[in-house]
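Colleague: My structure is below; once you've seen it, I'll send some questions.
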Amino acid sequence: METLGAAIIGCGAIGPIHAEAVANLSQGKLVAVVDPKKERRERLGIQYDCKAYETYEQVLQNPEVKIIHICTPHYLHVPMAIKGILAGKHVLIEKPLGMNLKEVDEMKKVLLAHPQMYAGVIFQNRYNETSQKAKQMIEHHELGEILGLKGIVTWYRSESYYRESDWRGKWTTEGGGVLINQAIHTLDLLQWLGGKIKQIKGRVDTRSLQDVIEVEDTSEATFYYENKTRGIFYATNSYTDNSSVEIEIHGTQGKLTLREGQLIFSRDGKSHILEQDQGVKKGKPYWGSAHQKQIEDFYQCIINNKPYPISVQEAGIAIEMIQGIYESHRTGKPYTMQYV
Ligand SMILES: NC(=O)c1ccc[n+]([C@@H]2O[C@H](COP(=O)([O-])OP(=O)(O)OC[C@H]3O[C@@H](n4cnc5c(N)ncnc54)[C@H](O)[C@@H]3O)[C@@H](O)[C@H]2O)c1
């Protein structure tokens, strides 16, 4: 049985979730972890009995490492992914793929020149049982014609959240605010479930963290889909608590609501639960529990030589939606999606 050696780059909040997921795989083996912070890398290195490197270059030189998990601040994602691919490693990148469309483009060019290499992006919420069931129902036309979608993210991020990790809250290192960091999962689900978007009108603002961050903490948008479906979206880090994300899909034959790990079907004033997310919750409750499934899928696609669904092309759509919202805010006009 083929076993793929892996390295986790970045041992902050999310790195340990990847380390545990790899350790749980029958066809994965954690070979190394990397972090410039000694205490962080040594803690994980001891826990998983693997090498603990100070620099990324040490991983690139280790032939045992076949897959690199990029769990670093946003500004390092694309540069690290490109270096990894050029060194002959497959890369699994935490969201967001990159900070903007220019970076997405650079990744696409490198992958065109190295078509044998896998590059995947983490959008673990697509792997939730509830999301999978909703997607299947839409594809089987069980809701009739889809008229509208709604995505609402009302979360709380404190001053200390931004002050403790100095890359957050800045254009050059985070690439944006609530849109690119917290709400990107919801943006991705809105396009994955709702289909191709033609135009976007959106606004951004900073409502409670003006003295702390450069980027937006609040945004709203309307998505005009190609098939006449309309999507509405609101996201903020300015609430006082982390409420469950809510996504609604409204069809002529009923409505689906994804909320609190449940999928609820409503029609004619009656509602019932159709599906519930399973799995052990690791990390923060609002991260969901599907990292393990998504990471396993990535390894299985490589081993079985199958295309990986959340490719650079696919994950780049959410980046274009974000740029579309910024662009529409700047011009006051709708942004037309390019899907290049
Ligand atoms: N999918 C999810 O639900 C989810 C949840 C949380 C975070 N994330 C994403 O994971 C990534 C990391 O976020 P985080 O919250 O863990 O951040 P963090 O700041 O807690 O951790 C980042 C780590 O990267 C390390 N690092 C910095 N430069 C490095 C380098 N050159 N080489 C190796 N390591 C380096 C830092 O020292 C730090 O330990 C971000 O892209 C974030 O958006 C995703």
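Each chain of the structure tokens is named A, B, ... in the order shown, its residues numbered from 1; ligands are numbered from 1 in display order.
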Each residue of segment 80-159 of chain A with at least one atom at most 12 Å from segment 266-273 of chain A should appear once, together with its nearest atom pair and the corresponding distance in Å (one decimal); atoms considered: only C-alpha atoms; ordering: chain, then increasing residue number; output as CSV.
Modeller:
```
residue,atom,partner,partner_atom,distance
A:Thr130,CA,A:Ile273,CA,10.1
A:Lys133,CA,A:Ile273,CA,11.7
A:Ala134,CA,A:Ile273,CA,12.0
A:Glu142,CA,A:Arg267,CA,11.9
A:Leu143,CA,A:Arg267,CA,9.8
A:Gly144,CA,A:Arg267,CA,11.9
```
Colleague: So that I can check the surroundings of segment 217-224 of chain A, please list as an mmCIF file with all heavy atoms, in the first residue's frame every protein, DNA and RNA residue that reaches within 8 Å of it, counting only C-alpha atoms and ignoring chain neighbours fewer than 3 positions away.
Modeller:
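Here's the written file around26.cif:
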```cif
data_model
loop_
_atom_site.group_PDB
_atom_site.id
_atom_site.type_symbol
_atom_site.label_atom_id
_atom_site.label_comp_id
_atom_site.auth_asym_id
_atom_site.auth_seq_id
_atom_site.Cartn_x
_atom_site.Cartn_y
_atom_site.Cartn_z
ATOM 1 N N GLY A 177 -10.121 41.446 4.708
ATOM 2 C CA GLY A 177 -10.587 41.253 6.078
ATOM 3 C C GLY A 177 -11.558 40.100 6.180
ATOM 4 O O GLY A 177 -11.257 38.959 5.824
ATOM 5 N N VAL A 178 -12.782 40.435 6.624
ATOM 6 C CA VAL A 178 -13.784 39.386 6.852
ATOM 7 C C VAL A 178 -14.044 38.569 5.575
ATOM 8 O O VAL A 178 -14.323 37.370 5.642
ATOM 9 C CB VAL A 178 -15.094 39.998 7.428
ATOM 10 C CG1 VAL A 178 -15.787 40.913 6.405
ATOM 11 C CG2 VAL A 178 -16.060 38.916 7.880
ATOM 12 N N LEU A 179 -13.920 39.211 4.414
ATOM 13 C CA LEU A 179 -14.224 38.493 3.167
ATOM 14 C C LEU A 179 -13.234 37.360 2.918
ATOM 15 O O LEU A 179 -13.625 36.214 2.688
ATOM 16 C CB LEU A 179 -14.212 39.458 1.975
ATOM 17 C CG LEU A 179 -15.419 40.365 1.849
ATOM 18 C CD1 LEU A 179 -15.177 41.426 0.774
ATOM 19 C CD2 LEU A 179 -16.679 39.568 1.515
ATOM 20 N N ILE A 197 -21.994 32.616 -11.428
ATOM 21 C CA ILE A 197 -22.432 33.991 -11.145
ATOM 22 C C ILE A 197 -22.045 34.886 -12.319
ATOM 23 O O ILE A 197 -20.936 34.798 -12.838
ATOM 24 C CB ILE A 197 -21.781 34.499 -9.842
ATOM 25 C CG1 ILE A 197 -22.324 33.697 -8.651
ATOM 26 C CG2 ILE A 197 -22.018 35.994 -9.633
ATOM 27 C CD1 ILE A 197 -21.557 33.896 -7.368
ATOM 28 N N LYS A 198 -23.006 35.723 -12.724
ATOM 29 C CA LYS A 198 -22.728 36.618 -13.847
ATOM 30 C C LYS A 198 -22.179 37.958 -13.343
ATOM 31 O O LYS A 198 -21.151 38.424 -13.804
ATOM 32 C CB LYS A 198 -24.031 36.844 -14.632
ATOM 33 C CG LYS A 198 -23.794 37.294 -16.054
ATOM 34 C CD LYS A 198 -25.019 37.065 -16.911
ATOM 35 C CE LYS A 198 -25.991 38.218 -16.731
ATOM 36 N NZ LYS A 198 -27.228 38.047 -17.493
ATOM 37 N N GLN A 199 -22.900 38.545 -12.387
ATOM 38 C CA GLN A 199 -22.484 39.873 -11.911
ATOM 39 C C GLN A 199 -22.597 39.984 -10.388
ATOM 40 O O GLN A 199 -23.400 39.272 -9.762
ATOM 41 C CB GLN A 199 -23.356 40.946 -12.543
ATOM 42 C CG GLN A 199 -23.010 41.171 -14.012
ATOM 43 C CD GLN A 199 -23.588 42.475 -14.522
ATOM 44 O OE1 GLN A 199 -24.757 42.757 -14.298
ATOM 45 N NE2 GLN A 199 -22.781 43.261 -15.209
ATOM 46 N N ILE A 200 -21.828 40.921 -9.841
ATOM 47 C CA ILE A 200 -21.814 41.138 -8.388
ATOM 48 C C ILE A 200 -21.935 42.635 -8.103
ATOM 49 O O ILE A 200 -21.239 43.440 -8.733
ATOM 50 C CB ILE A 200 -20.476 40.649 -7.777
ATOM 51 C CG1 ILE A 200 -20.333 39.141 -7.971
ATOM 52 C CG2 ILE A 200 -20.354 41.036 -6.307
ATOM 53 C CD1 ILE A 200 -19.022 38.578 -7.454
ATOM 54 N N LYS A 201 -22.830 42.965 -7.164
ATOM 55 C CA LYS A 201 -22.806 44.327 -6.607
ATOM 56 C C LYS A 201 -22.511 44.194 -5.127
ATOM 57 O O LYS A 201 -23.127 43.362 -4.442
ATOM 58 C CB LYS A 201 -24.165 45.017 -6.791
ATOM 59 C CG LYS A 201 -24.257 45.784 -8.084
ATOM 60 C CD LYS A 201 -25.285 46.897 -8.031
ATOM 61 C CE LYS A 201 -24.595 48.227 -7.827
ATOM 62 N NZ LYS A 201 -25.479 49.378 -7.999
ATOM 63 N N GLY A 202 -21.562 44.963 -4.611
ATOM 64 C CA GLY A 202 -21.210 44.782 -3.199
ATOM 65 C C GLY A 202 -20.615 46.027 -2.575
ATOM 66 O O GLY A 202 -20.233 46.976 -3.258
ATOM 67 N N ARG A 203 -20.563 45.982 -1.235
ATOM 68 C CA ARG A 203 -20.013 47.093 -0.461
ATOM 69 C C ARG A 203 -19.151 46.524 0.657
ATOM 70 O O ARG A 203 -19.389 45.399 1.126
ATOM 71 C CB ARG A 203 -21.136 47.898 0.232
ATOM 72 C CG ARG A 203 -22.256 48.380 -0.639
ATOM 73 C CD ARG A 203 -21.976 49.660 -1.344
ATOM 74 N NE ARG A 203 -21.587 50.737 -0.437
ATOM 75 C CZ ARG A 203 -20.962 51.843 -0.852
ATOM 76 N NH1 ARG A 203 -20.642 51.986 -2.121
ATOM 77 N NH2 ARG A 203 -20.657 52.798 0.005
ATOM 78 N N VAL A 204 -18.184 47.293 1.097
ATOM 79 C CA VAL A 204 -17.390 46.907 2.270
ATOM 80 C C VAL A 204 -17.260 48.108 3.204
ATOM 81 O O VAL A 204 -17.365 49.255 2.769
ATOM 82 C CB VAL A 204 -15.972 46.433 1.881
ATOM 83 C CG1 VAL A 204 -16.000 45.092 1.183
ATOM 84 C CG2 VAL A 204 -15.252 47.454 1.003
ATOM 85 N N ASP A 205 -17.026 47.817 4.482
ATOM 86 C CA ASP A 205 -16.859 48.896 5.451
ATOM 87 C C ASP A 205 -16.130 48.337 6.685
ATOM 88 O O ASP A 205 -16.061 47.118 6.869
ATOM 89 C CB ASP A 205 -18.233 49.457 5.852
ATOM 90 C CG ASP A 205 -18.135 50.859 6.449
ATOM 91 O OD1 ASP A 205 -17.019 51.396 6.545
ATOM 92 O OD2 ASP A 205 -19.190 51.407 6.834
ATOM 93 N N THR A 206 -15.635 49.236 7.514
ATOM 94 C CA THR A 206 -15.033 48.826 8.783
ATOM 95 C C THR A 206 -15.838 49.498 9.884
ATOM 96 O O THR A 206 -15.848 50.719 9.994
ATOM 97 C CB THR A 206 -13.542 49.231 8.840
ATOM 98 O OG1 THR A 206 -12.936 48.827 7.620
ATOM 99 C CG2 THR A 206 -12.833 48.558 9.989
ATOM 100 N N ARG A 207 -16.551 48.697 10.653
ATOM 101 C CA ARG A 207 -17.569 49.237 11.556
ATOM 102 C C ARG A 207 -17.153 49.273 13.019
ATOM 103 O O ARG A 207 -17.661 50.086 13.783
ATOM 104 C CB ARG A 207 -18.849 48.390 11.432
ATOM 105 C CG ARG A 207 -19.474 48.401 10.051
ATOM 106 C CD ARG A 207 -20.281 49.657 9.819
ATOM 107 N NE ARG A 207 -20.681 49.789 8.442
ATOM 108 C CZ ARG A 207 -21.752 49.208 7.891
ATOM 109 N NH1 ARG A 207 -22.527 48.413 8.601
ATOM 110 N NH2 ARG A 207 -22.040 49.407 6.627
ATOM 111 N N SER A 208 -16.263 48.338 13.449
ATOM 112 C CA SER A 208 -15.924 48.361 14.875
ATOM 113 C C SER A 208 -14.430 48.205 15.123
ATOM 114 O O SER A 208 -13.997 48.292 16.255
ATOM 115 C CB SER A 208 -16.677 47.267 15.626
ATOM 116 O OG SER A 208 -16.248 46.011 15.181
ATOM 117 N N LEU A 209 -13.647 47.963 14.083
ATOM 118 C CA LEU A 209 -12.219 47.708 14.304
ATOM 119 C C LEU A 209 -11.356 48.750 13.573
ATOM 120 O O LEU A 209 -10.206 48.474 13.228
ATOM 121 C CB LEU A 209 -11.884 46.285 13.820
ATOM 122 C CG LEU A 209 -12.503 45.139 14.633
ATOM 123 C CD1 LEU A 209 -12.538 43.841 13.839
ATOM 124 C CD2 LEU A 209 -11.748 44.920 15.942
ATOM 125 N N LYS A 228 -30.562 33.403 -13.630
ATOM 126 C CA LYS A 228 -31.571 34.318 -13.048
ATOM 127 C C LYS A 228 -31.741 34.156 -11.537
ATOM 128 O O LYS A 228 -32.515 34.872 -10.916
ATOM 129 C CB LYS A 228 -32.963 34.185 -13.715
ATOM 130 C CG LYS A 228 -32.953 34.382 -15.218
ATOM 131 C CD LYS A 228 -33.237 35.841 -15.570
ATOM 132 C CE LYS A 228 -33.373 36.031 -17.066
ATOM 133 N NZ LYS A 228 -32.092 36.356 -17.711
ATOM 134 N N THR A 229 -31.048 33.188 -10.947
ATOM 135 C CA THR A 229 -31.080 33.075 -9.487
ATOM 136 C C THR A 229 -30.439 34.332 -8.894
ATOM 137 O O THR A 229 -29.515 34.896 -9.483
ATOM 138 C CB THR A 229 -30.249 31.840 -9.050
ATOM 139 O OG1 THR A 229 -30.745 30.703 -9.733
ATOM 140 C CG2 THR A 229 -30.300 31.608 -7.561
ATOM 141 N N ARG A 230 -30.927 34.748 -7.717
ATOM 142 C CA ARG A 230 -30.314 35.916 -7.063
ATOM 143 C C ARG A 230 -29.804 35.490 -5.690
ATOM 144 O O ARG A 230 -30.484 34.746 -4.974
ATOM 145 C CB ARG A 230 -31.353 37.022 -6.919
ATOM 146 C CG ARG A 230 -30.736 38.358 -6.565
ATOM 147 C CD ARG A 230 -31.654 39.521 -6.849
ATOM 148 N NE ARG A 230 -32.873 39.470 -6.067
ATOM 149 C CZ ARG A 230 -34.089 39.355 -6.585
ATOM 150 N NH1 ARG A 230 -34.262 39.280 -7.882
ATOM 151 N NH2 ARG A 230 -35.149 39.311 -5.800
ATOM 152 N N GLY A 231 -28.609 35.947 -5.344
ATOM 153 C CA GLY A 231 -28.029 35.601 -4.048
ATOM 154 C C GLY A 231 -27.810 36.843 -3.215
ATOM 155 O O GLY A 231 -27.375 37.871 -3.734
ATOM 156 N N ILE A 232 -28.130 36.739 -1.915
ATOM 157 C CA ILE A 232 -27.800 37.870 -1.044
ATOM 158 C C ILE A 232 -26.817 37.391 0.015
ATOM 159 O O ILE A 232 -26.851 36.239 0.459
ATOM 160 C CB ILE A 232 -29.038 38.530 -0.407
ATOM 161 C CG1 ILE A 232 -29.801 37.538 0.458
ATOM 162 C CG2 ILE A 232 -29.940 39.161 -1.445
ATOM 163 C CD1 ILE A 232 -30.695 38.221 1.465
ATOM 164 N N PHE A 233 -25.930 38.303 0.407
ATOM 165 C CA PHE A 233 -24.806 37.922 1.261
ATOM 166 C C PHE A 233 -24.506 39.051 2.242
ATOM 167 O O PHE A 233 -24.513 40.223 1.867
ATOM 168 C CB PHE A 233 -23.603 37.664 0.337
ATOM 169 C CG PHE A 233 -22.280 37.632 1.032
ATOM 170 C CD1 PHE A 233 -21.873 36.494 1.710
ATOM 171 C CD2 PHE A 233 -21.430 38.731 0.997
ATOM 172 C CE1 PHE A 233 -20.631 36.461 2.349
ATOM 173 C CE2 PHE A 233 -20.194 38.700 1.632
ATOM 174 C CZ PHE A 233 -19.804 37.558 2.296
ATOM 175 N N TYR A 234 -24.282 38.679 3.493
ATOM 176 C CA TYR A 234 -23.865 39.659 4.493
ATOM 177 C C TYR A 234 -22.831 38.998 5.398
ATOM 178 O O TYR A 234 -23.021 37.839 5.806
ATOM 179 C CB TYR A 234 -25.069 40.117 5.336
ATOM 180 C CG TYR A 234 -24.679 41.042 6.465
ATOM 181 C CD1 TYR A 234 -24.400 42.383 6.231
ATOM 182 C CD2 TYR A 234 -24.559 40.562 7.770
ATOM 183 C CE1 TYR A 234 -24.013 43.231 7.266
ATOM 184 C CE2 TYR A 234 -24.181 41.404 8.813
ATOM 185 C CZ TYR A 234 -23.906 42.733 8.546
ATOM 186 O OH TYR A 234 -23.513 43.568 9.572
ATOM 187 N N ALA A 235 -21.757 39.683 5.687
ATOM 188 C CA ALA A 235 -20.735 39.120 6.584
ATOM 189 C C ALA A 235 -20.136 40.220 7.439
ATOM 190 O O ALA A 235 -19.862 41.321 6.954
ATOM 191 C CB ALA A 235 -19.628 38.456 5.779
ATOM 192 N N THR A 236 -19.926 39.891 8.705
ATOM 193 C CA THR A 236 -19.284 40.866 9.596
ATOM 194 C C THR A 236 -18.480 40.156 10.681
ATOM 195 O O THR A 236 -18.832 39.048 11.106
ATOM 196 C CB THR A 236 -20.330 41.803 10.248
ATOM 197 O OG1 THR A 236 -19.639 42.837 10.942
ATOM 198 C CG2 THR A 236 -21.250 41.084 11.211
ATOM 199 N N ASN A 237 -17.389 40.804 11.101
ATOM 200 C CA ASN A 237 -16.640 40.379 12.291
ATOM 201 C C ASN A 237 -16.972 41.305 13.453
ATOM 202 O O ASN A 237 -16.306 41.288 14.469
ATOM 203 C CB ASN A 237 -15.125 40.465 12.029
ATOM 204 C CG ASN A 237 -14.618 39.240 11.309
ATOM 205 O OD1 ASN A 237 -15.280 38.213 11.282
ATOM 206 N ND2 ASN A 237 -13.443 39.349 10.705
ATOM 207 N N SER A 238 -18.003 42.129 13.259
ATOM 208 C CA SER A 238 -18.332 43.172 14.226
ATOM 209 C C SER A 238 -19.487 42.799 15.144
ATOM 210 O O SER A 238 -19.990 43.657 15.868
ATOM 211 C CB SER A 238 -18.747 44.451 13.498
ATOM 212 O OG SER A 238 -17.622 45.131 13.105
ATOM 213 N N ILE A 325 -16.426 42.156 -5.287
ATOM 214 C CA ILE A 325 -17.087 43.001 -4.273
ATOM 215 C C ILE A 325 -16.279 44.294 -4.071
ATOM 216 O O ILE A 325 -16.831 45.397 -4.054
ATOM 217 C CB ILE A 325 -17.273 42.232 -2.941
ATOM 218 C CG1 ILE A 325 -18.259 41.077 -3.137
ATOM 219 C CG2 ILE A 325 -17.759 43.176 -1.831
ATOM 220 C CD1 ILE A 325 -18.409 40.141 -1.938
#
```
Colleague: Quick one: residues within 12 Å of His69 of chain A, only C-alpha atoms counted, chain neighbours fewer than 2 positions away excluded, as a PyMOL selection string?
Modeller: chain A and resi 5-11+14-19+21-22+30-34+56+59+65-67+71-72+77+80-81+84-85+89-95+118-122+295+298-299
Colleague: Enumerate, as a count of residues only, the complete set of residues in segment 66-309 of chain A that a backbone-based DSSP assignment places in strand (DSSP E or B).
Modeller: 71
Colleague: For atom CA of Gly169 of chain A and atom 19 (O, counted along the ligand's line) of ligand 1, determine how far apart the two atoms are, in Å to one decimal place.
Modeller: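 Rounded to one decimal, the two atoms are 11.7 Å apart.
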Colleague: Please determine, counting only C-alpha atoms and all ligand atoms, which residue among A:Ser160, A:Asn181, A:Thr240, A:Gln338 has the shortest atom-to-atom distance to ligand 1.
Modeller: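 That would be A:Asn181, the residue with the smallest distance to ligand 1.
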Colleague: Choose the residue, out of A:Gly12, A:Asp166, A:His185, A:Ile68, that has the smallest atom-to-atom separation from Arg43 of chain A; count only C-alpha atoms.
Modeller: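 For Arg43 of chain A, the nearest of the given residues is A:Gly12.
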Colleague: Taking into account only C-alpha atoms, which residue in the set A:Leu193, A:Ala13, A:Ile310, A:Leu112 is nearest to Lys135 of chain A?
Modeller: A:Leu193
